[in-house]
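K.L.:
My questions all concern the structure below.
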Amino acid sequence: MNQLDSSPRAPYAGTNHPAHTGLGKSPLLHAAASLPSFEQQLQEFIRQPSVSSDPACRRDLRGCARWLASHLREIGIASTKVVETGGHPAVVGRIDVDPRRPTLLIYGHYDVQPVKPESEWRYPPFSGRIADGYIFGRGAADDKGQLFAHVKALESWIKTKGSPPCNVRILFEGEEEIGSPHLRDLLSKRRSDFVADGAVVSDTQMRGPGQPALTVGLRGKLAFDLILEGPRKDLHSGSFGGAIRNPLEALCELVTGFYNADGSLAIEGIYDDVAIRSSSSRRRLLLMAPSARELYEAAGVASGWGENGYSAYERVSTRPSLSVNGITGGHQGPGTKAIIPSRAVARLSFRLVPNQDPSRVADLLRRHIASRVPLDRGGQYPAFSATGLRCQIKFRESARPVKLDSNSPVISSAAEALRQTFKREPALLPSGGSIPIVETLQSMFGLQTALMGFALPTDGLHAPNEHFELKRFALAIEASIRMMDLFSKGGKRW
Ligand SMILES: [Zn+2]
């Protein structure tokens, strides 16, 4: 008799019943039967306040890394170690099954965002409280819950078959939420620990409830500060207003000069390298992507704005953008202060798309600004202009855009696993965000990454009351189990 038929409950309600899939049944069955204890362990994981940006949590991060490493050893991954990085430690492990089989690198992060304002949380942010089918707590979805789904998938394989079907490399870092400052260094120093045939990262979102998605492209980034300085100190606007160039006004003019009236960017050459998408791929994107209305609703606005001739989703995913993130200067306290400020700063960031190169975009930006306000060599040091203003550009972080190959074994395995698990075609979507690890794995190791996310925009990521649906946690485990199986067979062409 099929042992599945005697299963006491149907934990996969609404999804494929494991009995009807081609996969060896026991890892799925094990996972289904173990859900209550998996949920308890996830609670324990969430209870560790691993806020990477908070110096007061330094010990807690170390404790969380140790807890995770010992948990991985307990489930049978004996090689797992806590590895020093110079910052918060990483958890690194490996399972060698058979050198002829493919190797999967699983990446996730155990660090979390701060919890402020704590008063807005329904349950304490590090309680891991389970209520109404959800687990609440900082990190529940980003990324502890998603990371842990892969851990429980590995456990289900190990407990039932002795090992997963493919070789596995594990990298769980503790500094993702602070920009992964030591990740590149860790990867290059311990190269041999991370050589693989494909990577999976579950730190993205689904298309919608019950609608799986794989992210197949990420925008790059180039952030910079624009600093304009005029008089040595703030001036009385009565004595000087009208005769002195105001750096704050000049800055606003520079900023508005970045945009054309039709919503496109006015920086000469900015579109030269932008990959042109075929009309069929644009049509496909239009079918799969969130609609303009969905996008505006998520933003809480009645209508949108942007480059003419492109859909709202194209504007946030396959077209470059430049956003003003903040402007400071002059008097902002209570009451009036009639001054000409001496200095004004705008913080901006580009999102870049295939095949834009951050350093070439930086050159175009320098040229654009230099044609308006004289800059010195490289735009790094102040130069005096005829208007009495000095202008400086300070470049901050950058990341290259990523285009993933949806036909690669790891992504096609993930797509098939999602299809079997959710009984729906996964939406293959480029995303507007940037995940530096994906570019790093591609450029350093030639790795394709399956960005198989299980979060929803409503999960409260980086916000109070973050939560993860327990049903989705179960589905994520199921998808991960299936993905490992499909990947071990070389991945089915999707
Ligand atoms: Zn995350």
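Following the order of the structure tokens, first chain is A, next is B, and so on, with residues numbered from 1 inside each chain and ligands from 1 in the order they appear.
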Residues of range 117-259 of chain A in strand (DSSP E or B) according to DSSP, as a count of residues only?

P.N.:
38

K.L.:
Which residues are near Leu186 in chain A? Cut-off 9 Å, only C-alpha atoms, ignore same chain within fewer than 3 positions. Put them as a PyMOL selection string.

P.N.:
chain A and resi 83-85+90+182-183+189-191

K.L.:
Quick one: residues within 9 Å of range 238-250 of chain A, only C-alpha atoms, excluding same-chain residues fewer than 2 positions away - as number ranges by chain?

P.N.:
A: 227-231, 235-236, 252-255, 328-330, 338-345, 387-390

K.L.:
Export N, CA and C atoms of the chosen residues as a JSON list (two decimals), in the first residue's frame?

P.N.:
```
[["chain", "number", "residue", "atom", "x", "y", "z"],
["A", 227, "ILE", "N", 26.91, 67.74, -3.92],
["A", 227, "ILE", "CA", 27.11, 68.77, -2.89],
["A", 227, "ILE", "C", 27.40, 70.10, -3.56],
["A", 228, "LEU", "N", 26.62, 71.10, -3.23],
["A", 228, "LEU", "CA", 26.88, 72.44, -3.75],
["A", 228, "LEU", "C", 27.19, 73.36, -2.59],
["A", 229, "GLU", "N", 28.30, 74.09, -2.74],
["A", 229, "GLU", "CA", 28.70, 75.03, -1.69],
["A", 229, "GLU", "C", 28.86, 76.41, -2.26],
["A", 230, "GLY", "N", 28.35, 77.42, -1.54],
["A", 230, "GLY", "CA", 28.45, 78.81, -2.00],
["A", 230, "GLY", "C", 29.22, 79.64, -0.99],
["A", 231, "PRO", "N", 28.54, 80.57, -0.31],
["A", 231, "PRO", "CA", 29.24, 81.41, 0.67],
["A", 231, "PRO", "C", 29.82, 80.56, 1.80],
["A", 235, "LEU", "N", 24.12, 83.34, 4.85],
["A", 235, "LEU", "CA", 24.06, 84.80, 4.72],
["A", 235, "LEU", "C", 22.65, 85.31, 4.99],
["A", 236, "HIS", "N", 22.57, 86.56, 5.40],
["A", 236, "HIS", "CA", 21.29, 87.25, 5.61],
["A", 236, "HIS", "C", 20.65, 87.46, 4.24],
["A", 252, "CYS", "N", 18.56, 72.48, -6.69],
["A", 252, "CYS", "CA", 17.23, 72.08, -7.16],
["A", 252, "CYS", "C", 17.19, 72.14, -8.69],
["A", 253, "GLU", "N", 17.82, 73.18, -9.24],
["A", 253, "GLU", "CA", 17.85, 73.32, -10.69],
["A", 253, "GLU", "C", 18.62, 72.16, -11.33],
["A", 254, "LEU", "N", 19.75, 71.81, -10.71],
["A", 254, "LEU", "CA", 20.55, 70.68, -11.21],
["A", 254, "LEU", "C", 19.72, 69.40, -11.18],
["A", 255, "VAL", "N", 19.01, 69.22, -10.06],
["A", 255, "VAL", "CA", 18.24, 67.98, -9.89],
["A", 255, "VAL", "C", 17.10, 67.91, -10.91],
["A", 328, "THR", "N", 19.03, 68.05, 1.59],
["A", 328, "THR", "CA", 19.17, 68.81, 2.83],
["A", 328, "THR", "C", 19.87, 70.12, 2.54],
["A", 329, "GLY", "N", 19.55, 71.11, 3.35],
["A", 329, "GLY", "CA", 20.19, 72.41, 3.20],
["A", 329, "GLY", "C", 19.33, 73.48, 3.84],
["A", 330, "GLY", "N", 19.97, 74.49, 4.34],
["A", 330, "GLY", "CA", 19.24, 75.64, 4.87],
["A", 330, "GLY", "C", 18.53, 75.37, 6.17],
["A", 338, "ALA", "N", 15.60, 83.85, 7.71],
["A", 338, "ALA", "CA", 15.75, 84.33, 6.34],
["A", 338, "ALA", "C", 17.22, 84.31, 5.93],
["A", 339, "ILE", "N", 17.63, 83.17, 5.37],
["A", 339, "ILE", "CA", 19.05, 83.04, 5.02],
["A", 339, "ILE", "C", 19.24, 82.56, 3.59],
["A", 340, "ILE", "N", 20.44, 82.76, 3.12],
["A", 340, "ILE", "CA", 20.93, 82.04, 1.94],
["A", 340, "ILE", "C", 21.88, 81.00, 2.51],
["A", 341, "PRO", "N", 21.50, 79.71, 2.43],
["A", 341, "PRO", "CA", 22.36, 78.70, 3.05],
["A", 341, "PRO", "C", 23.71, 78.61, 2.33],
["A", 342, "SER", "N", 24.72, 78.20, 3.07],
["A", 342, "SER", "CA", 26.05, 78.13, 2.46],
["A", 342, "SER", "C", 26.24, 76.83, 1.68],
["A", 343, "ARG", "N", 25.36, 75.86, 1.94],
["A", 343, "ARG", "CA", 25.64, 74.53, 1.41],
["A", 343, "ARG", "C", 24.32, 73.77, 1.21],
["A", 344, "ALA", "N", 24.27, 72.93, 0.22],
["A", 344, "ALA", "CA", 23.10, 72.08, 0.00],
["A", 344, "ALA", "C", 23.57, 70.72, -0.53],
["A", 345, "VAL", "N", 22.89, 69.67, -0.07],
["A", 345, "VAL", "CA", 23.29, 68.31, -0.46],
["A", 345, "VAL", "C", 22.07, 67.53, -0.95],
["A", 387, "THR", "N", 29.68, 81.15, -11.11],
["A", 387, "THR", "CA", 28.55, 81.57, -10.27],
["A", 387, "THR", "C", 28.93, 81.64, -8.80],
["A", 388, "GLY", "N", 30.19, 81.35, -8.49],
["A", 388, "GLY", "CA", 30.63, 81.36, -7.09],
["A", 388, "GLY", "C", 30.26, 80.09, -6.35],
["A", 389, "LEU", "N", 29.84, 79.07, -7.06],
["A", 389, "LEU", "CA", 29.47, 77.81, -6.40],
["A", 389, "LEU", "C", 30.55, 76.75, -6.64],
["A", 390, "ARG", "N", 30.71, 75.92, -5.64],
["A", 390, "ARG", "CA", 31.59, 74.76, -5.81],
["A", 390, "ARG", "C", 30.71, 73.52, -5.84]]
```

K.L.:
With only C-alpha atoms and all ligand atoms counted, collect every polymer residue having an atom within 7 Å of ligand 1; state the result as a list in words.

P.N.:
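Going residue by residue within 7 Å of ligand 1, we get His109, Asp142, Asp143, Glu176, Glu177 and Asp203 of chain A.
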
K.L.:
Could those residues be written to a file, using N, CA and C atoms, as a short mmCIF file (atom, residue, chain, number, x, y, z; two decimals), in the first residue's frame?

P.N.:
```cif
data_model
loop_
_atom_site.label_atom_id
_atom_site.label_comp_id
_atom_site.auth_asym_id
_atom_site.auth_seq_id
_atom_site.Cartn_x
_atom_site.Cartn_y
_atom_site.Cartn_z
N HIS A 109 20.30 34.84 4.65
CA HIS A 109 20.91 35.66 5.70
C HIS A 109 20.11 35.54 6.99
N ASP A 142 11.86 37.68 6.16
CA ASP A 142 13.12 38.24 5.63
C ASP A 142 14.20 38.12 6.65
N ASP A 143 15.01 37.08 6.70
CA ASP A 143 14.96 36.01 5.72
C ASP A 143 14.95 34.68 6.45
N GLU A 176 23.68 40.91 5.64
CA GLU A 176 22.97 41.28 4.41
C GLU A 176 22.26 42.62 4.57
N GLU A 177 21.67 42.82 5.72
CA GLU A 177 20.87 44.03 5.93
C GLU A 177 21.73 45.28 6.10
N ASP A 203 14.91 35.06 -0.98
CA ASP A 203 14.90 36.34 -0.25
C ASP A 203 14.15 37.37 -1.10
#
```

K.L.:
Which residues, written as a VMD selection string, have at least one atom at most 12 Å from Ala474 in chain A, with only C-alpha atoms counted and residues fewer than 6 positions away on the same chain left out?

P.N.:
chain A and resid 10 to 15 28 to 39 42 133 to 134 145 to 146 148 to 150 152 to 153 421 to 422 454 468 480 to 481

K.L.:
Within 7 Å of range 284-300 of chain A, counting only C-alpha atoms, which residues qualify if same-chain residues fewer than 5 places away don't, as a PDB file with N, CA and C atoms, in the first residue's frame?

P.N.:
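The file below, out-v2.pdb, is the result:
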```pdb
ATOM      1  N   ALA A 312       4.191  50.597 -16.639  1.00  0.00           N
ATOM      2  CA  ALA A 312       4.645  50.917 -15.282  1.00  0.00           C
ATOM      3  C   ALA A 312       5.671  49.886 -14.810  1.00  0.00           C
ATOM      4  N   TYR A 313       5.404  48.594 -15.086  1.00  0.00           N
ATOM      5  CA  TYR A 313       6.341  47.581 -14.597  1.00  0.00           C
ATOM      6  C   TYR A 313       7.679  47.652 -15.331  1.00  0.00           C
ATOM      7  N   ALA A 427       5.677  33.030 -12.478  1.00  0.00           N
ATOM      8  CA  ALA A 427       5.949  34.220 -13.292  1.00  0.00           C
ATOM      9  C   ALA A 427       7.450  34.473 -13.265  1.00  0.00           C
ATOM     10  N   LEU A 429      10.012  37.071 -13.715  1.00  0.00           N
ATOM     11  CA  LEU A 429       9.989  38.528 -13.792  1.00  0.00           C
ATOM     12  C   LEU A 429      11.338  39.162 -13.467  1.00  0.00           C
TER      13      LEU A 429
END
```
